[in-house]
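Undergrad: Contents are mmCIF, C-alpha atoms; file name my_file-v4.cif:
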data_final
#
loop_
_atom_site.group_PDB
_atom_site.id
_atom_site.type_symbol
_atom_site.label_atom_id
_atom_site.label_comp_id
_atom_site.auth_asym_id
_atom_site.auth_seq_id
_atom_site.Cartn_x
_atom_site.Cartn_y
_atom_site.Cartn_z
ATOM 1 C CA MET A 1 0.000 0.000 0.000
ATOM 2 C CA ALA A 2 1.043 3.600 -0.432
ATOM 3 C CA SER A 3 2.018 5.276 2.780
ATOM 4 C CA ASN A 4 -0.603 7.497 4.356
ATOM 5 C CA LEU A 5 0.649 10.730 5.852
ATOM 6 C CA VAL A 6 -1.462 12.875 8.186
ATOM 7 C CA ARG A 7 -0.086 16.328 8.936
ATOM 8 C CA HIS A 8 -1.452 18.748 11.519
ATOM 9 C CA GLY A 9 -0.804 22.465 11.523
ATOM 10 C CA GLY A 10 -2.479 25.489 13.035
ATOM 11 C CA ARG A 11 -2.816 29.254 13.128
ATOM 12 C CA LEU A 12 -3.930 31.493 15.952
ATOM 13 C CA GLY A 13 -5.385 34.789 14.898
ATOM 14 C CA ARG A 14 -8.088 37.314 15.359
ATOM 15 C CA THR A 15 -10.875 34.943 14.361
ATOM 16 C CA GLY A 16 -9.859 31.884 16.333
ATOM 17 C CA THR A 17 -7.952 28.706 15.489
ATOM 18 C CA ALA A 18 -7.423 27.020 12.148
ATOM 19 C CA VAL A 19 -6.520 23.346 12.002
ATOM 20 C CA ALA A 20 -5.393 21.824 8.726
ATOM 21 C CA LEU A 21 -5.478 18.107 8.113
ATOM 22 C CA ALA A 22 -3.785 16.868 4.962
ATOM 23 C CA PHE A 23 -4.473 13.277 3.997
ATOM 24 C CA LEU A 24 -1.725 12.342 1.551
ATOM 25 C CA LEU A 25 -0.959 9.310 -0.553
ATOM 26 C CA SER A 26 2.728 9.065 -1.396
ATOM 27 C CA GLY A 27 5.710 6.727 -1.414
ATOM 28 C CA GLN A 28 6.458 3.550 -3.302
ATOM 29 C CA ALA A 29 3.941 0.833 -4.014
ATOM 30 C CA GLY A 30 4.000 -1.860 -1.383
ATOM 31 C CA ALA A 31 5.243 0.436 1.388
ATOM 32 C CA ASP A 32 3.833 0.046 4.862
ATOM 33 C CA THR A 33 1.004 2.285 6.030
ATOM 34 C CA ARG A 34 2.319 5.125 8.208
ATOM 35 C CA ILE A 35 0.465 7.811 10.174
ATOM 36 C CA GLU A 36 2.244 10.817 11.646
ATOM 37 C CA VAL A 37 0.352 13.078 14.055
ATOM 38 C CA SER A 38 1.649 16.297 15.611
ATOM 39 C CA SER A 39 1.907 15.799 19.372
ATOM 40 C CA ASP A 40 1.587 19.509 20.225
ATOM 41 C CA LEU A 41 -0.957 21.330 18.124
ATOM 42 C CA ALA A 42 -0.679 24.492 20.231
ATOM 43 C CA ALA A 43 3.078 24.701 19.632
ATOM 44 C CA ALA A 44 2.582 24.223 15.915
ATOM 45 C CA ALA A 45 -0.036 26.940 15.922
ATOM 46 C CA ALA A 46 2.151 29.340 17.885
ATOM 47 C CA ALA A 47 5.007 28.785 15.458
ATOM 48 C CA THR A 48 3.023 30.292 12.611
ATOM 49 C CA GLU A 49 2.594 34.020 12.109
ATOM 50 C CA PRO A 50 -0.656 35.556 13.370
ATOM 51 C CA CYS A 51 -3.326 36.546 10.901
ATOM 52 C CA PRO A 52 -3.144 40.272 10.144
ATOM 53 C CA ALA A 53 -5.919 42.350 11.648
ATOM 54 C CA ASP A 54 -8.369 44.016 9.295
ATOM 55 C CA PRO A 55 -7.954 47.827 9.087
ATOM 56 C CA GLY A 56 -10.398 49.686 11.240
ATOM 57 C CA VAL A 57 -11.298 46.691 13.355
ATOM 58 C CA GLU A 58 -10.717 47.147 17.054
ATOM 59 C CA ALA A 59 -8.540 44.482 18.642
ATOM 60 C CA PRO A 60 -10.368 42.268 21.147
ATOM 61 C CA ASP A 61 -9.881 42.807 24.831
ATOM 62 C CA ALA A 62 -6.978 40.668 25.977
ATOM 63 C CA GLU A 63 -8.766 39.906 29.218
ATOM 64 C CA ALA A 64 -12.044 38.915 27.561
ATOM 65 C CA PRO A 65 -12.851 35.192 27.957
ATOM 66 C CA ALA A 66 -12.136 33.136 24.872
ATOM 67 C CA PRO A 67 -15.194 31.700 23.111
ATOM 68 C CA GLU A 68 -15.908 28.073 23.825
ATOM 69 C CA ALA A 69 -14.475 25.821 21.121
ATOM 70 C CA SER A 70 -16.943 24.181 18.800
ATOM 71 C CA PRO A 71 -17.307 20.474 19.634
ATOM 72 C CA GLY A 72 -15.281 18.218 17.382
ATOM 73 C CA PRO A 73 -16.228 14.648 16.394
ATOM 74 C CA VAL A 74 -14.319 13.169 19.351
ATOM 75 C CA LYS A 75 -16.074 15.406 21.879
ATOM 76 C CA LEU A 76 -19.432 14.739 20.259
ATOM 77 C CA ALA A 77 -18.784 10.988 20.424
ATOM 78 C CA LEU A 78 -17.820 11.140 24.096
ATOM 79 C CA GLU A 79 -20.779 13.319 25.062
ATOM 80 C CA ASP A 80 -23.193 11.209 23.011
ATOM 81 C CA GLY A 81 -21.900 7.987 24.488
ATOM 82 C CA LYS A 82 -22.169 9.365 28.016
ATOM 83 C CA TYR A 83 -25.704 10.604 27.396
ATOM 84 C CA ILE A 84 -27.103 7.601 25.510
ATOM 85 C CA LEU A 85 -25.395 4.761 27.354
ATOM 86 C CA GLY A 86 -25.771 6.433 30.747
ATOM 87 C CA ALA A 87 -29.414 7.396 30.282
ATOM 88 C CA PRO A 88 -30.861 4.656 32.542
ATOM 89 C CA VAL A 89 -28.844 6.010 35.467
ATOM 90 C CA ARG A 90 -30.608 9.374 35.113
ATOM 91 C CA TRP A 91 -34.113 8.019 34.576
ATOM 92 C CA ASN A 92 -36.817 8.927 37.056
ATOM 93 C CA GLY A 93 -39.950 7.004 37.861
ATOM 94 C CA LYS A 94 -41.791 8.276 34.804
ATOM 95 C CA ASP A 95 -38.925 7.304 32.489
ATOM 96 C CA TRP A 96 -38.801 3.781 33.906
ATOM 97 C CA LEU A 97 -42.573 3.545 33.526
ATOM 98 C CA VAL A 98 -42.307 4.479 29.854
ATOM 99 C CA PHE A 99 -39.471 1.999 29.344
ATOM 100 C CA SER A 100 -41.450 -0.752 31.047
ATOM 101 C CA GLY A 101 -44.465 0.018 28.887
ATOM 102 C CA VAL A 102 -42.429 -0.139 25.685
ATOM 103 C CA ALA A 103 -40.742 -3.376 26.752
ATOM 104 C CA ALA A 104 -44.082 -4.918 27.672
ATOM 105 C CA GLY A 105 -45.496 -3.809 24.340
ATOM 106 C CA VAL A 106 -42.667 -5.487 22.433
ATOM 107 C CA VAL A 107 -43.150 -8.717 24.403
ATOM 108 C CA ALA A 108 -46.932 -8.665 23.886
ATOM 109 C CA PHE A 109 -46.442 -7.928 20.197
ATOM 110 C CA GLY A 110 -44.060 -10.866 19.996
ATOM 111 C CA PHE A 111 -46.505 -13.318 21.527
ATOM 112 C CA ALA A 112 -49.305 -12.082 19.286
ATOM 113 C CA ALA A 113 -47.481 -11.610 15.993
ATOM 114 C CA ASP A 114 -44.225 -13.572 15.837
ATOM 115 C CA VAL A 115 -45.536 -16.926 14.626
ATOM 116 C CA PRO A 116 -48.434 -15.580 12.473
ATOM 117 C CA ALA A 117 -46.134 -13.052 10.790
ATOM 118 C CA ARG A 118 -43.556 -15.723 10.018
ATOM 119 C CA ASN A 119 -46.160 -18.099 8.620
ATOM 120 C CA LYS A 120 -47.716 -15.356 6.523
ATOM 121 C CA THR A 121 -44.466 -14.119 4.972
ATOM 122 C CA GLN A 122 -43.093 -17.608 4.310
ATOM 123 C CA SER A 123 -46.284 -18.814 2.612
ATOM 124 C CA ASN A 124 -46.812 -15.709 0.469
ATOM 125 C CA GLN A 125 -43.466 -15.102 -1.174
ATOM 126 C CA THR A 126 -43.477 -13.753 -4.737
ATOM 127 C CA PRO A 127 -40.815 -12.757 -7.282
ATOM 128 C CA ALA A 128 -41.731 -9.085 -6.802
ATOM 129 C CA LEU A 129 -41.245 -9.289 -3.032
ATOM 130 C CA ASP A 130 -38.052 -11.270 -3.557
ATOM 131 C CA ASP A 131 -36.650 -8.403 -5.633
ATOM 132 C CA LEU A 132 -37.908 -5.672 -3.315
ATOM 133 C CA THR A 133 -36.496 -7.212 -0.148
ATOM 134 C CA ARG A 134 -33.187 -7.981 -1.831
ATOM 135 C CA ILE A 135 -32.860 -4.313 -2.843
ATOM 136 C CA VAL A 136 -33.866 -2.692 0.457
ATOM 137 C CA GLU A 137 -32.250 -5.065 2.966
ATOM 138 C CA PRO A 138 -28.702 -3.621 2.514
ATOM 139 C CA PHE A 139 -30.025 -0.245 3.729
ATOM 140 C CA GLY A 140 -29.691 -1.828 7.162
ATOM 141 C CA ALA A 141 -26.028 -2.577 6.495
ATOM 142 C CA GLU A 142 -23.577 -1.356 3.846
ATOM 143 C CA TYR A 143 -26.056 0.865 1.972
ATOM 144 C CA SER A 144 -26.749 2.841 5.143
ATOM 145 C CA TRP A 145 -23.051 3.721 5.382
ATOM 146 C CA ALA A 146 -23.141 4.756 1.725
ATOM 147 C CA VAL A 147 -26.003 7.132 2.600
ATOM 148 C CA ILE A 148 -23.989 8.533 5.507
ATOM 149 C CA GLY A 149 -20.984 8.992 3.232
ATOM 150 C CA ALA A 150 -23.109 10.727 0.595
ATOM 151 C CA TYR A 151 -24.343 13.248 3.167
ATOM 152 C CA GLY A 152 -20.785 13.805 4.329
ATOM 153 C CA ILE A 153 -19.482 14.427 0.814
ATOM 154 C CA ALA A 154 -22.386 16.758 0.049
ATOM 155 C CA GLY A 155 -21.746 18.637 3.276
ATOM 156 C CA PHE A 156 -18.111 19.313 2.440
ATOM 157 C CA VAL A 157 -18.414 19.792 -1.338
ATOM 158 C CA PHE A 158 -21.399 22.146 -1.166
ATOM 159 C CA ARG A 159 -20.497 23.551 2.267
ATOM 160 C CA ASP A 160 -23.867 22.470 3.599
ATOM 161 C CA PRO A 161 -23.729 22.362 7.419
ATOM 162 C CA ASP A 162 -27.018 20.452 7.665
ATOM 163 C CA ALA A 163 -25.755 17.645 5.430
ATOM 164 C CA ARG A 164 -22.486 17.543 7.357
ATOM 165 C CA ASP A 165 -24.319 17.340 10.689
ATOM 166 C CA ILE A 166 -26.550 14.547 9.374
ATOM 167 C CA ALA A 167 -23.472 12.576 8.343
ATOM 168 C CA VAL A 168 -21.792 13.014 11.730
ATOM 169 C CA ASP A 169 -24.934 12.314 13.765
ATOM 170 C CA SER A 170 -25.876 9.289 11.638
ATOM 171 C CA ALA A 171 -22.419 7.788 12.009
ATOM 172 C CA LEU A 172 -22.403 8.299 15.786
ATOM 173 C CA ALA A 173 -25.956 6.975 16.159
ATOM 174 C CA SER A 174 -25.042 3.914 14.105
ATOM 175 C CA ILE A 175 -22.013 3.201 16.266
ATOM 176 C CA LEU A 176 -23.938 3.556 19.536
ATOM 177 C CA ALA A 177 -27.055 1.673 18.439
ATOM 178 C CA SER A 178 -25.725 -0.946 16.017
ATOM 179 C CA VAL A 179 -22.161 -1.509 17.189
ATOM 180 C CA ILE A 180 -22.604 -1.247 20.967
ATOM 181 C CA ILE A 181 -26.189 -1.560 22.238
ATOM 182 C CA THR A 182 -27.686 -4.132 19.864
ATOM 183 C CA PRO A 183 -24.733 -6.579 19.831
ATOM 184 C CA VAL A 184 -24.625 -6.556 23.638
ATOM 185 C CA LEU A 185 -28.350 -7.325 23.842
ATOM 186 C CA LYS A 186 -28.000 -10.057 21.219
ATOM 187 C CA ARG A 187 -25.250 -11.704 23.217
ATOM 188 C CA VAL A 188 -27.008 -11.472 26.575
ATOM 189 C CA ILE A 189 -30.498 -12.495 25.392
ATOM 190 C CA GLY A 190 -29.427 -15.231 22.965
ATOM 191 C CA ARG A 191 -32.678 -15.704 21.088
ATOM 192 C CA ALA A 192 -32.801 -18.319 18.337
ATOM 193 C CA ARG A 193 -33.612 -17.170 14.820
ATOM 194 C CA PRO A 194 -36.798 -18.434 13.166
ATOM 195 C CA ASN A 195 -34.833 -20.341 10.525
ATOM 196 C CA GLN A 196 -33.331 -22.443 13.341
ATOM 197 C CA ASP A 197 -36.799 -23.991 13.850
ATOM 198 C CA GLU A 198 -36.618 -23.862 17.644
ATOM 199 C CA GLY A 199 -39.744 -21.766 18.070
ATOM 200 C CA SER A 200 -40.316 -18.150 19.029
ATOM 201 C CA THR A 201 -39.652 -18.753 22.734
ATOM 202 C CA ALA A 202 -36.181 -20.303 22.401
ATOM 203 C CA PHE A 203 -33.754 -18.162 24.411
ATOM 204 C CA HIS A 204 -30.198 -19.297 25.205
ATOM 205 C CA PRO A 205 -28.303 -16.446 26.928
ATOM 206 C CA PHE A 206 -24.639 -16.129 25.940
ATOM 207 C CA SER A 207 -25.017 -19.058 23.539
ATOM 208 C CA GLY A 208 -24.221 -17.196 20.331
ATOM 209 C CA ASP A 209 -27.831 -17.043 19.121
ATOM 210 C CA GLN A 210 -28.417 -13.469 17.975
ATOM 211 C CA ALA A 211 -31.974 -12.922 16.834
ATOM 212 C CA PHE A 212 -33.069 -10.275 19.337
ATOM 213 C CA PRO A 213 -32.998 -7.434 18.461
ATOM 214 C CA SER A 214 -32.570 -7.064 14.693
ATOM 215 C CA GLY A 215 -29.277 -5.337 13.904
ATOM 216 C CA HIS A 216 -30.287 -4.413 10.345
ATOM 217 C CA THR A 217 -33.472 -2.775 11.613
ATOM 218 C CA THR A 218 -31.622 -0.957 14.378
ATOM 219 C CA GLN A 219 -29.168 0.494 11.869
ATOM 220 C CA ALA A 220 -31.854 1.481 9.380
ATOM 221 C CA PHE A 221 -33.989 3.260 11.979
ATOM 222 C CA ALA A 222 -31.000 4.983 13.586
ATOM 223 C CA VAL A 223 -30.089 6.613 10.252
ATOM 224 C CA ALA A 224 -33.723 7.301 9.328
ATOM 225 C CA SER A 225 -34.364 8.960 12.696
ATOM 226 C CA VAL A 226 -31.363 11.255 12.346
ATOM 227 C CA ILE A 227 -32.397 12.277 8.831
ATOM 228 C CA SER A 228 -35.977 12.870 9.977
ATOM 229 C CA ALA A 229 -34.924 14.857 13.052
ATOM 230 C CA HIS A 230 -32.787 17.175 10.931
ATOM 231 C CA SER A 231 -35.549 17.838 8.387
ATOM 232 C CA ASP A 232 -38.742 19.859 8.686
ATOM 233 C CA LYS A 233 -40.179 18.277 5.521
ATOM 234 C CA VAL A 234 -42.773 15.578 6.087
ATOM 235 C CA TRP A 235 -41.950 13.741 2.871
ATOM 236 C CA VAL A 236 -38.331 13.306 3.971
ATOM 237 C CA SER A 237 -39.432 11.620 7.197
ATOM 238 C CA ILE A 238 -41.940 9.447 5.333
ATOM 239 C CA CYS A 239 -39.298 8.285 2.844
ATOM 240 C CA ALA A 240 -36.683 7.651 5.537
ATOM 241 C CA TYR A 241 -38.976 5.632 7.788
ATOM 242 C CA THR A 242 -40.533 3.761 4.849
ATOM 243 C CA VAL A 243 -37.127 2.486 3.770
ATOM 244 C CA ALA A 244 -36.300 1.572 7.379
ATOM 245 C CA GLY A 245 -39.607 -0.248 7.753
ATOM 246 C CA LEU A 246 -38.987 -2.200 4.556
ATOM 247 C CA VAL A 247 -35.604 -3.239 5.919
ATOM 248 C CA GLY A 248 -37.360 -4.699 8.948
ATOM 249 C CA PHE A 249 -39.915 -6.438 6.742
ATOM 250 C CA SER A 250 -37.145 -7.931 4.613
ATOM 251 C CA ARG A 251 -35.564 -9.515 7.695
ATOM 252 C CA ILE A 252 -38.868 -11.203 8.548
ATOM 253 C CA TYR A 253 -39.419 -12.150 4.912
ATOM 254 C CA HIS A 254 -35.982 -13.795 4.733
ATOM 255 C CA ASP A 255 -36.758 -15.756 7.911
ATOM 256 C CA ALA A 256 -33.825 -14.160 9.744
ATOM 257 C CA HIS A 257 -35.862 -12.468 12.497
ATOM 258 C CA TRP A 258 -39.123 -12.618 14.354
ATOM 259 C CA SER A 259 -41.402 -9.594 14.145
ATOM 260 C CA SER A 260 -40.633 -8.669 17.771
ATOM 261 C CA ASP A 261 -36.896 -8.643 16.933
ATOM 262 C CA VAL A 262 -37.670 -6.070 14.269
ATOM 263 C CA ALA A 263 -39.917 -4.047 16.589
ATOM 264 C CA ALA A 264 -37.191 -3.893 19.246
ATOM 265 C CA GLY A 265 -34.593 -2.840 16.673
ATOM 266 C CA ALA A 266 -36.874 -0.074 15.418
ATOM 267 C CA VAL A 267 -37.373 1.255 18.953
ATOM 268 C CA ILE A 268 -33.645 1.210 19.758
ATOM 269 C CA GLY A 269 -32.647 2.886 16.494
ATOM 270 C CA THR A 270 -35.306 5.576 16.805
ATOM 271 C CA VAL A 271 -34.610 6.414 20.455
ATOM 272 C CA VAL A 272 -30.839 6.555 19.944
ATOM 273 C CA GLY A 273 -31.061 8.543 16.702
ATOM 274 C CA ARG A 274 -33.440 11.187 17.975
ATOM 275 C CA GLY A 275 -31.827 11.419 21.387
ATOM 276 C CA LEU A 276 -28.395 11.898 19.853
ATOM 277 C CA VAL A 277 -29.605 14.676 17.540
ATOM 278 C CA ALA A 278 -31.128 16.512 20.523
ATOM 279 C CA VAL A 279 -27.853 16.276 22.471
ATOM 280 C CA ASN A 280 -25.681 17.383 19.561
ATOM 281 C CA ARG A 281 -27.907 20.360 18.812
ATOM 282 C CA ARG A 282 -27.296 21.637 22.326
ATOM 283 C CA LEU A 283 -23.553 21.063 22.001
ATOM 284 C CA ARG A 284 -23.348 22.826 18.642
ATOM 285 C CA ALA A 285 -25.456 25.745 19.878
ATOM 286 C CA ARG A 286 -22.698 26.691 22.315
ATOM 287 C CA ASN A 287 -20.494 27.815 19.451
ATOM 288 C CA GLU A 288 -21.638 28.387 15.877
ATOM 289 C CA ASN A 289 -18.289 29.606 14.532
ATOM 290 C CA LEU A 290 -17.205 26.297 12.978
ATOM 291 C CA HIS A 291 -16.080 26.656 9.356
ATOM 292 C CA VAL A 292 -14.919 23.754 7.200
ATOM 293 C CA ALA A 293 -13.218 23.973 3.793
ATOM 294 C CA PHE A 294 -11.403 21.429 1.690
ATOM 295 C CA ALA A 295 -9.090 21.350 -1.322
ATOM 296 C CA PRO A 296 -7.572 18.529 -3.384
ATOM 297 C CA ILE A 297 -3.809 17.976 -3.231
ATOM 298 C CA LEU A 298 -2.434 17.064 -6.638
ATOM 299 C CA ASP A 299 1.229 17.302 -7.592
ATOM 300 C CA GLU A 300 4.012 15.036 -8.830
ATOM 301 C CA ASP A 301 4.685 13.412 -5.445
ATOM 302 C CA ARG A 302 1.401 13.728 -3.558
ATOM 303 C CA ARG A 303 -2.244 12.873 -3.989
ATOM 304 C CA GLY A 304 -4.808 13.570 -1.324
ATOM 305 C CA LEU A 305 -7.283 15.917 0.312
ATOM 306 C CA GLU A 306 -6.711 18.863 2.642
ATOM 307 C CA VAL A 307 -9.441 19.696 5.116
ATOM 308 C CA VAL A 308 -9.249 22.998 7.011
ATOM 309 C CA VAL A 309 -11.404 23.420 10.108
ATOM 310 C CA ARG A 310 -11.524 26.953 11.577
ATOM 311 C CA PHE A 311 -13.252 27.776 14.863
#
Would you mind giving the structure from this file in structure tokens?
TA:
Amino acid sequence: MASNLVRHGGRLGRTGTAVALAFLLSGQAGADTRIEVSSDLAAAAAATEPCPADPGVEAPDAEAPAPEASPGPVKLALEDGKYILGAPVRWNGKDWLVFSGVAAGVVAFGFAADVPARNKTQSNQTPALDDLTRIVEPFGAEYSWAVIGAYGIAGFVFRDPDARDIAVDSALASILASVIITPVLKRVIGRARPNQDEGSTAFHPFSGDQAFPSGHTTQAFAVASVISAHSDKVWVSICAYTVAGLVGFSRIYHDAHWSSDVAAGAVIGTVVGRGLVAVNRRLRARNENLHVAFAPILDEDRRGLEVVVRF
């Protein structure tokens, strides 16, 4: 592989701090991957010359408190993880009542719908449904990350802060809901999948059975909830949740999950997605001076992308 070089630099000036990240591809083919990171960003920033002040603009008071830095992805991830994963610790009686009601609803739904839904979908399969479920199911896996990446690219290319925030929030919601919460529940609960023919009440904790909850559905609803929460257009929410719902249906249709697995995944994805957006809005509201720009790096020895974040 070509060696990957990450360079950090900075500038302190009248408007704040600028951090440049250059992602470079260079070196000979077959070289090892290498990442270099500046260990003292403040020293690198101080080494550069200050930005010249605009004529006629009064210099800021040296004793005035510096504005709070805009939260970066790492801070957002830490705050989101603390809020989402630590939520049960902060719940009051009403919150636990709501949680108990939702949990009871999922269990009741499972007893009432799991077996009938499986029988119905397995006995009414058609070529049209085969094609539809095959197309939509990846939106609970790799296609969802393609959607996140598309929002991220649009956010940087067109300098659209909403698209950039959707990309960041969707990625963080996916990690919390689909990489942390759902896998842990799968492992602890150990429910058998319907295609194992053990019945809807077969639970083997820590056995490796991973039916409950549905990971694909969790992922799809986490992304759909973030997109919906960031949009004030009804049709956007309808489209997002329709695709997520079809992902859940496809998992039942392919005999990979019971209907209650899908219902639980939808609840987890929705709660995490919407809760994370609410937290990040408060964090971003503390400082709205974040500016992001990018430029390609193309010369004889280097190929890459430079991203400049100023706050």
Undergrad: I need the output of the PyMOL selection byres ((chain A and resi 191-205) around 8) for this file as a ChimeraX atom specification; which residues are they?
TA: /A:114-115,118,186-190,206-212,255-258
Undergrad: With distances taken over all atoms listed in the file, which residue among A:Arg164, A:Arg284, A:Lys233, A:His216 lies nearest A:Ser144?
TA: A:His216
Undergrad: Just the number, please: distance in Å from atom CA of A:Asp165 to atom CA of A:Ile180, one decimal.
TA: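 Interatomic distance here is 21.3 Å.
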Undergrad: One number please: atom CA of A:Gly245 to atom CA of A:Val272, in Å, one decimal.
TA: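 That distance, rounded to one decimal, is 16.5 Å.
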Undergrad: For each of A:Leu97, A:Val271, A:Ala285, A:Ile252, take the minimum atom-to-atom distance to A:Pro116, counting all atoms listed in the file, then give the residue where this is smallest.
TA: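 The closest residue to A:Pro116 is A:Ile252.
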Undergrad: Separation of atom CA of A:Val234 and atom CA of A:Ala163, in Å?
TA: 17.2 Å
Undergrad: With all atoms listed in the file as the atoms that count, which of A:Ser231, A:Gln125, A:Thr242, A:Thr182 lies nearest to A:Asp162?
TA: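 Once distances to A:Asp162 are computed over all atoms listed in the file, the minimum belongs to A:Ser231.
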Undergrad: Would you kindly identify which residues have an atom no farther than 7 Å from (-38.0, -4.4, 21.2), using all atoms listed in the file and the file's own coordinates, and write them out as a list of chain:residue names?
TA: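 Residues with an atom at most 7 Å from (-38.0, -4.4, 21.2): A:Ala103, A:Val106, A:Pro213, A:Ser260, A:Asp261, A:Ala263, A:Ala264, A:Gly265, A:Val267.
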Undergrad: Please enumerate the residues selected by the PyMOL selection byres ((chain A and resi 178) around 9) when evaluated against the supplied file, formatted as an MDAnalysis selection string.
TA: chainID A and resid 173:177 179:183 215:216 218:219 222 269
Undergrad: Applying the PyMOL selection byres ((chain A and resi 277) around 9) to the file I just gave you, which residues come out? Please list them as a list in words.
TA: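 That selection, the PyMOL selection byres ((chain A and resi 277) around 9), comes back as Ile166, Asp169, Ser170, Ala173, Ser225, Val226, Ala229, His230, Val272, Gly273, Arg274, Gly275, Leu276, Ala278, Val279, Asn280, Arg281 and Arg282 of chain A.
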Undergrad: Write out as a list of chain:residue names each polymer residue whose atoms come within 12 Å of A:Leu129, counting all atoms listed in the file; drop sequence neighbours fewer than 3 positions from it.
TA: A:Thr121, A:Gln122, A:Asn124, A:Gln125, A:Thr126, A:Leu132, A:Thr133, A:Arg134, A:Ile135, A:Val136, A:Glu137, A:Leu246, A:Phe249, A:Ser250, A:Ile252, A:Tyr253, A:His254
